[in-house]
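What follows is the content of coords-v9.cif (mmCIF, N, CA, C and O atoms, pLDDT in the B column; chains and numbers go by the auth columns).
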```
data_model
#
loop_
_atom_site.group_PDB
_atom_site.id
_atom_site.type_symbol
_atom_site.label_atom_id
_atom_site.label_comp_id
_atom_site.label_asym_id
_atom_site.label_seq_id
_atom_site.Cartn_x
_atom_site.Cartn_y
_atom_site.Cartn_z
_atom_site.B_iso_or_equiv
_atom_site.auth_seq_id
_atom_site.auth_asym_id
ATOM 1 N N MET A 1 -67.567 -126.810 41.819 44.00 1 A
ATOM 2 C CA MET A 1 -67.367 -125.398 41.570 44.00 1 A
ATOM 3 C C MET A 1 -68.398 -124.611 42.369 44.00 1 A
ATOM 4 O O MET A 1 -69.571 -124.963 42.376 44.00 1 A
ATOM 5 N N PRO A 2 -67.983 -123.526 43.045 44.00 2 A
ATOM 6 C CA PRO A 2 -68.936 -122.726 43.811 44.00 2 A
ATOM 7 C C PRO A 2 -69.992 -122.108 42.910 44.00 2 A
ATOM 8 O O PRO A 2 -69.731 -121.803 41.750 44.00 2 A
ATOM 9 N N LYS A 3 -71.175 -121.931 43.459 46.00 3 A
ATOM 10 C CA LYS A 3 -72.262 -121.336 42.685 46.00 3 A
ATOM 11 C C LYS A 3 -72.207 -119.826 42.789 46.00 3 A
ATOM 12 O O LYS A 3 -71.696 -119.266 43.744 46.00 3 A
ATOM 13 N N ILE A 4 -72.749 -119.184 41.795 48.00 4 A
ATOM 14 C CA ILE A 4 -72.854 -117.733 41.808 48.00 4 A
ATOM 15 C C ILE A 4 -73.765 -117.367 42.967 48.00 4 A
ATOM 16 O O ILE A 4 -74.867 -117.872 43.091 48.00 4 A
ATOM 17 N N SER A 5 -73.295 -116.480 43.842 46.00 5 A
ATOM 18 C CA SER A 5 -74.035 -116.213 45.067 46.00 5 A
ATOM 19 C C SER A 5 -75.242 -115.309 44.858 46.00 5 A
ATOM 20 O O SER A 5 -76.222 -115.427 45.549 46.00 5 A
ATOM 21 N N GLN A 6 -75.156 -114.400 43.907 45.00 6 A
ATOM 22 C CA GLN A 6 -76.276 -113.487 43.734 45.00 6 A
ATOM 23 C C GLN A 6 -76.198 -112.831 42.360 45.00 6 A
ATOM 24 O O GLN A 6 -75.176 -112.282 41.989 45.00 6 A
ATOM 25 N N LEU A 7 -77.279 -112.900 41.629 44.00 7 A
ATOM 26 C CA LEU A 7 -77.354 -112.180 40.359 44.00 7 A
ATOM 27 C C LEU A 7 -77.929 -110.807 40.616 44.00 7 A
ATOM 28 O O LEU A 7 -78.789 -110.627 41.462 44.00 7 A
ATOM 29 N N THR A 8 -77.446 -109.826 39.904 43.00 8 A
ATOM 30 C CA THR A 8 -77.981 -108.477 40.051 43.00 8 A
ATOM 31 C C THR A 8 -79.052 -108.257 39.001 43.00 8 A
ATOM 32 O O THR A 8 -79.346 -109.138 38.197 43.00 8 A
ATOM 33 N N ALA A 9 -79.605 -107.069 38.988 42.00 9 A
ATOM 34 C CA ALA A 9 -80.651 -106.750 38.017 42.00 9 A
ATOM 35 C C ALA A 9 -80.104 -106.762 36.595 42.00 9 A
ATOM 36 O O ALA A 9 -80.835 -106.971 35.647 42.00 9 A
ATOM 37 N N HIS A 10 -78.796 -106.547 36.470 51.00 10 A
ATOM 38 C CA HIS A 10 -78.176 -106.553 35.143 51.00 10 A
ATOM 39 C C HIS A 10 -77.482 -107.887 34.922 51.00 10 A
ATOM 40 O O HIS A 10 -76.781 -108.378 35.799 51.00 10 A
ATOM 41 N N SER A 11 -77.671 -108.458 33.767 67.00 11 A
ATOM 42 C CA SER A 11 -77.082 -109.766 33.515 67.00 11 A
ATOM 43 C C SER A 11 -75.580 -109.680 33.267 67.00 11 A
ATOM 44 O O SER A 11 -74.920 -110.695 33.164 67.00 11 A
ATOM 45 N N ASN A 12 -75.037 -108.469 33.214 83.00 12 A
ATOM 46 C CA ASN A 12 -73.602 -108.339 32.968 83.00 12 A
ATOM 47 C C ASN A 12 -72.802 -108.124 34.251 83.00 12 A
ATOM 48 O O ASN A 12 -71.652 -107.751 34.209 83.00 12 A
ATOM 49 N N GLN A 13 -73.425 -108.369 35.416 84.00 13 A
ATOM 50 C CA GLN A 13 -72.720 -108.231 36.694 84.00 13 A
ATOM 51 C C GLN A 13 -73.271 -109.230 37.694 84.00 13 A
ATOM 52 O O GLN A 13 -74.467 -109.419 37.791 84.00 13 A
ATOM 53 N N PHE A 14 -72.375 -109.887 38.445 84.00 14 A
ATOM 54 C CA PHE A 14 -72.811 -110.805 39.486 84.00 14 A
ATOM 55 C C PHE A 14 -71.744 -110.921 40.549 84.00 14 A
ATOM 56 O O PHE A 14 -70.590 -110.567 40.337 84.00 14 A
ATOM 57 N N LYS A 15 -72.144 -111.396 41.733 84.00 15 A
ATOM 58 C CA LYS A 15 -71.213 -111.643 42.824 84.00 15 A
ATOM 59 C C LYS A 15 -70.808 -113.101 42.781 84.00 15 A
ATOM 60 O O LYS A 15 -71.641 -113.978 42.567 84.00 15 A
ATOM 61 N N PHE A 16 -69.520 -113.347 42.976 79.00 16 A
ATOM 62 C CA PHE A 16 -68.980 -114.703 42.907 79.00 16 A
ATOM 63 C C PHE A 16 -68.018 -114.896 44.066 79.00 16 A
ATOM 64 O O PHE A 16 -66.901 -114.389 44.037 79.00 16 A
ATOM 65 N N GLN A 17 -68.471 -115.560 45.140 79.00 17 A
ATOM 66 C CA GLN A 17 -67.630 -115.896 46.287 79.00 17 A
ATOM 67 C C GLN A 17 -66.875 -114.677 46.831 79.00 17 A
ATOM 68 O O GLN A 17 -65.683 -114.736 47.083 79.00 17 A
ATOM 69 N N GLY A 18 -67.565 -113.556 46.989 79.00 18 A
ATOM 70 C CA GLY A 18 -66.957 -112.357 47.560 79.00 18 A
ATOM 71 C C GLY A 18 -66.369 -111.403 46.546 79.00 18 A
ATOM 72 O O GLY A 18 -65.975 -110.295 46.882 79.00 18 A
ATOM 73 N N PHE A 19 -66.298 -111.799 45.300 86.00 19 A
ATOM 74 C CA PHE A 19 -65.822 -110.932 44.232 86.00 19 A
ATOM 75 C C PHE A 19 -67.024 -110.409 43.454 86.00 19 A
ATOM 76 O O PHE A 19 -68.077 -111.044 43.423 86.00 19 A
ATOM 77 N N VAL A 20 -66.863 -109.289 42.789 85.00 20 A
ATOM 78 C CA VAL A 20 -67.878 -108.806 41.851 85.00 20 A
ATOM 79 C C VAL A 20 -67.284 -108.963 40.458 85.00 20 A
ATOM 80 O O VAL A 20 -66.193 -108.465 40.177 85.00 20 A
ATOM 81 N N VAL A 21 -67.972 -109.683 39.606 88.00 21 A
ATOM 82 C CA VAL A 21 -67.542 -109.889 38.224 88.00 21 A
ATOM 83 C C VAL A 21 -68.513 -109.118 37.351 88.00 21 A
ATOM 84 O O VAL A 21 -69.723 -109.301 37.456 88.00 21 A
ATOM 85 N N ARG A 22 -67.983 -108.227 36.518 88.00 22 A
ATOM 86 C CA ARG A 22 -68.877 -107.444 35.668 88.00 22 A
ATOM 87 C C ARG A 22 -68.269 -107.240 34.295 88.00 22 A
ATOM 88 O O ARG A 22 -67.060 -107.295 34.113 88.00 22 A
ATOM 89 N N PHE A 23 -69.162 -106.998 33.352 90.00 23 A
ATOM 90 C CA PHE A 23 -68.744 -106.759 31.971 90.00 23 A
ATOM 91 C C PHE A 23 -68.597 -105.270 31.762 90.00 23 A
ATOM 92 O O PHE A 23 -69.516 -104.500 32.016 90.00 23 A
ATOM 93 N N SER A 24 -67.434 -104.855 31.312 86.00 24 A
ATOM 94 C CA SER A 24 -67.182 -103.454 31.008 86.00 24 A
ATOM 95 C C SER A 24 -67.545 -103.213 29.550 86.00 24 A
ATOM 96 O O SER A 24 -66.851 -103.679 28.640 86.00 24 A
ATOM 97 N N THR A 25 -68.630 -102.485 29.328 85.00 25 A
ATOM 98 C CA THR A 25 -69.041 -102.215 27.942 85.00 25 A
ATOM 99 C C THR A 25 -68.059 -101.272 27.257 85.00 25 A
ATOM 100 O O THR A 25 -67.892 -101.319 26.046 85.00 25 A
ATOM 101 N N PHE A 26 -67.380 -100.438 28.038 86.00 26 A
ATOM 102 C CA PHE A 26 -66.387 -99.520 27.467 86.00 26 A
ATOM 103 C C PHE A 26 -65.205 -100.289 26.889 86.00 26 A
ATOM 104 O O PHE A 26 -64.750 -100.005 25.795 86.00 26 A
ATOM 105 N N GLN A 27 -64.718 -101.287 27.644 84.00 27 A
ATOM 106 C CA GLN A 27 -63.561 -102.055 27.198 84.00 27 A
ATOM 107 C C GLN A 27 -63.944 -103.353 26.502 84.00 27 A
ATOM 108 O O GLN A 27 -63.105 -103.992 25.890 84.00 27 A
ATOM 109 N N GLY A 28 -65.194 -103.746 26.620 88.00 28 A
ATOM 110 C CA GLY A 28 -65.654 -104.966 25.963 88.00 28 A
ATOM 111 C C GLY A 28 -65.078 -106.227 26.578 88.00 28 A
ATOM 112 O O GLY A 28 -64.911 -107.230 25.895 88.00 28 A
ATOM 113 N N MET A 29 -64.765 -106.179 27.882 90.00 29 A
ATOM 114 C CA MET A 29 -64.180 -107.331 28.560 90.00 29 A
ATOM 115 C C MET A 29 -64.757 -107.444 29.966 90.00 29 A
ATOM 116 O O MET A 29 -65.347 -106.511 30.487 90.00 29 A
ATOM 117 N N TRP A 30 -64.570 -108.617 30.583 91.00 30 A
ATOM 118 C CA TRP A 30 -65.008 -108.872 31.952 91.00 30 A
ATOM 119 C C TRP A 30 -63.919 -108.414 32.914 91.00 30 A
ATOM 120 O O TRP A 30 -62.731 -108.575 32.642 91.00 30 A
ATOM 121 N N GLU A 31 -64.317 -107.834 34.050 89.00 31 A
ATOM 122 C CA GLU A 31 -63.361 -107.452 35.070 89.00 31 A
ATOM 123 C C GLU A 31 -63.802 -107.994 36.415 89.00 31 A
ATOM 124 O O GLU A 31 -64.980 -108.222 36.645 89.00 31 A
ATOM 125 N N VAL A 32 -62.822 -108.211 37.281 89.00 32 A
ATOM 126 C CA VAL A 32 -63.078 -108.736 38.620 89.00 32 A
ATOM 127 C C VAL A 32 -62.748 -107.641 39.628 89.00 32 A
ATOM 128 O O VAL A 32 -61.672 -107.059 39.586 89.00 32 A
ATOM 129 N N LEU A 33 -63.696 -107.361 40.516 84.00 33 A
ATOM 130 C CA LEU A 33 -63.503 -106.368 41.568 84.00 33 A
ATOM 131 C C LEU A 33 -63.524 -107.074 42.914 84.00 33 A
ATOM 132 O O LEU A 33 -64.282 -108.009 43.118 84.00 33 A
ATOM 133 N N GLU A 34 -62.691 -106.594 43.812 80.00 34 A
ATOM 134 C CA GLU A 34 -62.645 -107.148 45.160 80.00 34 A
ATOM 135 C C GLU A 34 -62.632 -105.987 46.145 80.00 34 A
ATOM 136 O O GLU A 34 -61.915 -105.012 45.950 80.00 34 A
ATOM 137 N N LYS A 35 -63.443 -106.082 47.185 73.00 35 A
ATOM 138 C CA LYS A 35 -63.457 -105.029 48.192 73.00 35 A
ATOM 139 C C LYS A 35 -62.132 -105.004 48.928 73.00 35 A
ATOM 140 O O LYS A 35 -61.589 -106.038 49.276 73.00 35 A
ATOM 141 N N CYS A 36 -61.615 -103.811 49.128 69.00 36 A
ATOM 142 C CA CYS A 36 -60.400 -103.644 49.919 69.00 36 A
ATOM 143 C C CYS A 36 -60.456 -102.281 50.587 69.00 36 A
ATOM 144 O O CYS A 36 -61.166 -101.387 50.152 69.00 36 A
ATOM 145 N N LEU A 37 -59.721 -102.143 51.636 63.00 37 A
ATOM 146 C CA LEU A 37 -59.728 -100.894 52.377 63.00 37 A
ATOM 147 C C LEU A 37 -58.345 -100.244 52.388 63.00 37 A
ATOM 148 O O LEU A 37 -58.038 -99.460 53.270 63.00 37 A
ATOM 149 N N HIS A 38 -57.526 -100.564 51.413 64.00 38 A
ATOM 150 C CA HIS A 38 -56.182 -99.994 51.345 64.00 38 A
ATOM 151 C C HIS A 38 -56.236 -98.559 50.840 64.00 38 A
ATOM 152 O O HIS A 38 -56.842 -98.278 49.811 64.00 38 A
ATOM 153 N N HIS A 39 -55.633 -97.677 51.558 61.00 39 A
ATOM 154 C CA HIS A 39 -55.483 -96.274 51.150 61.00 39 A
ATOM 155 C C HIS A 39 -56.822 -95.615 50.829 61.00 39 A
ATOM 156 O O HIS A 39 -56.924 -94.801 49.919 61.00 39 A
ATOM 157 N N GLY A 40 -57.869 -96.001 51.522 61.00 40 A
ATOM 158 C CA GLY A 40 -59.171 -95.375 51.344 61.00 40 A
ATOM 159 C C GLY A 40 -59.957 -95.847 50.130 61.00 40 A
ATOM 160 O O GLY A 40 -61.024 -95.328 49.849 61.00 40 A
ATOM 161 N N ALA A 41 -59.438 -96.831 49.403 58.00 41 A
ATOM 162 C CA ALA A 41 -60.153 -97.330 48.227 58.00 41 A
ATOM 163 C C ALA A 41 -61.306 -98.226 48.666 58.00 41 A
ATOM 164 O O ALA A 41 -61.230 -98.920 49.669 58.00 41 A
ATOM 165 N N CYS A 42 -62.384 -98.208 47.916 62.00 42 A
ATOM 166 C CA CYS A 42 -63.536 -99.060 48.218 62.00 42 A
ATOM 167 C C CYS A 42 -63.411 -100.429 47.556 62.00 42 A
ATOM 168 O O CYS A 42 -63.932 -101.410 48.056 62.00 42 A
ATOM 169 N N GLU A 43 -62.769 -100.478 46.408 63.00 43 A
ATOM 170 C CA GLU A 43 -62.621 -101.752 45.717 63.00 43 A
ATOM 171 C C GLU A 43 -61.363 -101.729 44.851 63.00 43 A
ATOM 172 O O GLU A 43 -60.882 -100.673 44.474 63.00 43 A
ATOM 173 N N ALA A 44 -60.850 -102.902 44.578 69.00 44 A
ATOM 174 C CA ALA A 44 -59.675 -103.044 43.728 69.00 44 A
ATOM 175 C C ALA A 44 -60.083 -103.790 42.468 69.00 44 A
ATOM 176 O O ALA A 44 -60.841 -104.753 42.528 69.00 44 A
ATOM 177 N N SER A 45 -59.608 -103.334 41.346 70.00 45 A
ATOM 178 C CA SER A 45 -59.921 -103.978 40.079 70.00 45 A
ATOM 179 C C SER A 45 -58.746 -104.849 39.661 70.00 45 A
ATOM 180 O O SER A 45 -57.594 -104.425 39.739 70.00 45 A
ATOM 181 N N TRP A 46 -59.037 -106.060 39.237 72.00 46 A
ATOM 182 C CA TRP A 46 -58.006 -106.957 38.747 72.00 46 A
ATOM 183 C C TRP A 46 -57.985 -106.899 37.229 72.00 46 A
ATOM 184 O O TRP A 46 -58.646 -106.086 36.619 72.00 46 A
ATOM 185 N N SER A 47 -57.273 -107.780 36.629 81.00 47 A
ATOM 186 C CA SER A 47 -57.120 -107.788 35.180 81.00 47 A
ATOM 187 C C SER A 47 -58.442 -107.967 34.459 81.00 47 A
ATOM 188 O O SER A 47 -59.414 -108.442 35.017 81.00 47 A
ATOM 189 N N LEU A 48 -58.423 -107.604 33.201 89.00 48 A
ATOM 190 C CA LEU A 48 -59.591 -107.800 32.343 89.00 48 A
ATOM 191 C C LEU A 48 -59.503 -109.174 31.692 89.00 48 A
ATOM 192 O O LEU A 48 -58.415 -109.669 31.415 89.00 48 A
ATOM 193 N N PHE A 49 -60.666 -109.776 31.464 92.00 49 A
ATOM 194 C CA PHE A 49 -60.725 -111.129 30.906 92.00 49 A
ATOM 195 C C PHE A 49 -61.632 -111.151 29.691 92.00 49 A
ATOM 196 O O PHE A 49 -62.634 -110.449 29.644 92.00 49 A
ATOM 197 N N ARG A 50 -61.278 -111.979 28.723 93.00 50 A
ATOM 198 C CA ARG A 50 -62.065 -112.069 27.495 93.00 50 A
ATOM 199 C C ARG A 50 -63.401 -112.765 27.690 93.00 50 A
ATOM 200 O O ARG A 50 -64.347 -112.495 26.965 93.00 50 A
ATOM 201 N N SER A 51 -63.486 -113.667 28.668 91.00 51 A
ATOM 202 C CA SER A 51 -64.735 -114.405 28.865 91.00 51 A
ATOM 203 C C SER A 51 -65.109 -114.430 30.347 91.00 51 A
ATOM 204 O O SER A 51 -64.258 -114.259 31.223 91.00 51 A
ATOM 205 N N LYS A 52 -66.387 -114.660 30.595 88.00 52 A
ATOM 206 C CA LYS A 52 -66.864 -114.774 31.972 88.00 52 A
ATOM 207 C C LYS A 52 -66.223 -115.979 32.658 88.00 52 A
ATOM 208 O O LYS A 52 -65.876 -115.921 33.833 88.00 52 A
ATOM 209 N N LYS A 53 -66.027 -117.043 31.923 90.00 53 A
ATOM 210 C CA LYS A 53 -65.417 -118.251 32.480 90.00 53 A
ATOM 211 C C LYS A 53 -63.984 -117.973 32.954 90.00 53 A
ATOM 212 O O LYS A 53 -63.585 -118.424 34.028 90.00 53 A
ATOM 213 N N GLU A 54 -63.208 -117.209 32.183 92.00 54 A
ATOM 214 C CA GLU A 54 -61.847 -116.857 32.596 92.00 54 A
ATOM 215 C C GLU A 54 -61.870 -116.040 33.882 92.00 54 A
ATOM 216 O O GLU A 54 -61.033 -116.234 34.764 92.00 54 A
ATOM 217 N N ALA A 55 -62.830 -115.126 34.004 90.00 55 A
ATOM 218 C CA ALA A 55 -62.953 -114.312 35.210 90.00 55 A
ATOM 219 C C ALA A 55 -63.297 -115.181 36.413 90.00 55 A
ATOM 220 O O ALA A 55 -62.735 -115.011 37.499 90.00 55 A
ATOM 221 N N GLU A 56 -64.210 -116.136 36.235 88.00 56 A
ATOM 222 C CA GLU A 56 -64.577 -117.044 37.326 88.00 56 A
ATOM 223 C C GLU A 56 -63.389 -117.907 37.743 88.00 56 A
ATOM 224 O O GLU A 56 -63.154 -118.119 38.932 88.00 56 A
ATOM 225 N N GLU A 57 -62.622 -118.390 36.774 91.00 57 A
ATOM 226 C CA GLU A 57 -61.450 -119.204 37.090 91.00 57 A
ATOM 227 C C GLU A 57 -60.418 -118.383 37.859 91.00 57 A
ATOM 228 O O GLU A 57 -59.771 -118.893 38.772 91.00 57 A
ATOM 229 N N PHE A 58 -60.266 -117.111 37.518 89.00 58 A
ATOM 230 C CA PHE A 58 -59.361 -116.233 38.250 89.00 58 A
ATOM 231 C C PHE A 58 -59.801 -116.112 39.705 89.00 58 A
ATOM 232 O O PHE A 58 -58.984 -116.182 40.622 89.00 58 A
ATOM 233 N N CYS A 59 -61.106 -115.941 39.936 89.00 59 A
ATOM 234 C CA CYS A 59 -61.641 -115.846 41.296 89.00 59 A
ATOM 235 C C CYS A 59 -61.332 -117.118 42.078 89.00 59 A
ATOM 236 O O CYS A 59 -60.925 -117.047 43.249 89.00 59 A
ATOM 237 N N LEU A 60 -61.522 -118.262 41.465 90.00 60 A
ATOM 238 C CA LEU A 60 -61.253 -119.531 42.137 90.00 60 A
ATOM 239 C C LEU A 60 -59.777 -119.662 42.504 90.00 60 A
ATOM 240 O O LEU A 60 -59.440 -120.129 43.597 90.00 60 A
ATOM 241 N N GLU A 61 -58.881 -119.243 41.613 90.00 61 A
ATOM 242 C CA GLU A 61 -57.453 -119.288 41.908 90.00 61 A
ATOM 243 C C GLU A 61 -57.108 -118.363 43.063 90.00 61 A
ATOM 244 O O GLU A 61 -56.305 -118.715 43.933 90.00 61 A
ATOM 245 N N LYS A 62 -57.711 -117.171 43.112 86.00 62 A
ATOM 246 C CA LYS A 62 -57.470 -116.239 44.213 86.00 62 A
ATOM 247 C C LYS A 62 -57.951 -116.838 45.533 86.00 62 A
ATOM 248 O O LYS A 62 -57.298 -116.690 46.547 86.00 62 A
ATOM 249 N N LEU A 63 -59.095 -117.523 45.499 86.00 63 A
ATOM 250 C CA LEU A 63 -59.628 -118.151 46.705 86.00 63 A
ATOM 251 C C LEU A 63 -58.726 -119.281 47.185 86.00 63 A
ATOM 252 O O LEU A 63 -58.528 -119.455 48.384 86.00 63 A
ATOM 253 N N ARG A 64 -58.188 -120.048 46.272 90.00 64 A
ATOM 254 C CA ARG A 64 -57.304 -121.154 46.631 90.00 64 A
ATOM 255 C C ARG A 64 -56.011 -120.650 47.258 90.00 64 A
ATOM 256 O O ARG A 64 -55.430 -121.310 48.098 90.00 64 A
ATOM 257 N N SER A 65 -55.546 -119.481 46.817 86.00 65 A
ATOM 258 C CA SER A 65 -54.273 -118.963 47.312 86.00 65 A
ATOM 259 C C SER A 65 -54.392 -118.279 48.677 86.00 65 A
ATOM 260 O O SER A 65 -53.386 -117.954 49.284 86.00 65 A
ATOM 261 N N LYS A 66 -55.612 -118.056 49.147 72.00 66 A
ATOM 262 C CA LYS A 66 -55.812 -117.403 50.453 72.00 66 A
ATOM 263 C C LYS A 66 -55.601 -118.358 51.592 72.00 66 A
ATOM 264 O O LYS A 66 -55.747 -119.487 51.585 72.00 66 A
#
```
Exercise: express the given structure as structure tokens:
Amino acid sequence: MPKISQLTAHSNQFKFQGFVVRFSTFQGMWEVLEKCLHHGACEASWSLFRSKKEAEEFCLEKLRSK
């Protein structure tokens, strides 16, 4: 399994193989962000996940499909 590439100052956000995984305190769930340049957007948000592990597994599946 790939290692977390960089921890940020906050323990609720980290970079994972080009994705940003962070905990949304408003929604109480983990979300995955990916940089994209479509239509002037800086990043795209994917589905919300109940656990950090589910978010990491989603990132791995996205990487495998590329």
- Item | d(CA of Phe16 (chain A), atom O of Glu54 (chain A)) in Å | 11.5 Å
- Considering only C-alpha atoms, return as a VMD selection string whatever protein or nucleic-acid residues lie within 8 Å of Trp30 (chain A), sequence-local ones (same chain, fewer than 3 positions apart) excluded. chain A and resid 21 to 24 48 to 52 55
- Do you have the CA of Glu61 (chain A)-CA of Gln13 (chain A) distance handy?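 Computing the Euclidean distance for CA of Glu61 (chain A) and CA of Gln13 (chain A) yields 19.6 Å.
The space separating atom O of Glu31 (chain A) from atom O of Phe14 (chain A) comes to 7.1 Å.
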- Nearest to Lys35 (chain A), chosen from A:Ser47, A:Phe19, A:Leu63, A:Lys53, with all atoms listed in the file counted in the distances: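 Among the listed residues, the smallest separation from Lys35 (chain A) belongs to A:Phe19.
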- Item | Nearest to Glu34 (chain A) by atom-to-atom distance, counting only N, CA, C and O atoms, from A:Val20, A:Lys62, A:Lys15, A:Glu56 |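 For Glu34 (chain A), the nearest of the given residues is A:Val20.
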Could you put an axis-aligned box around every listed atom of region 12-20 of chain A, padded by 4 Å on each side, and send me its centre and edge lengths in Å to one decimal, as JSON?
```
{"center_x": -70.4, "center_y": -111.8, "center_z": 40.3, "size_x": 17.4, "size_y": 16.1, "size_z": 22.6}
```
- Task: Find the residue from A:Thr25, A:Leu33, A:Gln17, A:Cys59 that sits nearest to Ser45 (chain A); use only N, CA, C and O atoms when measuring.
- Result: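 The shortest atom-to-atom distance to Ser45 (chain A) comes from A:Leu33.
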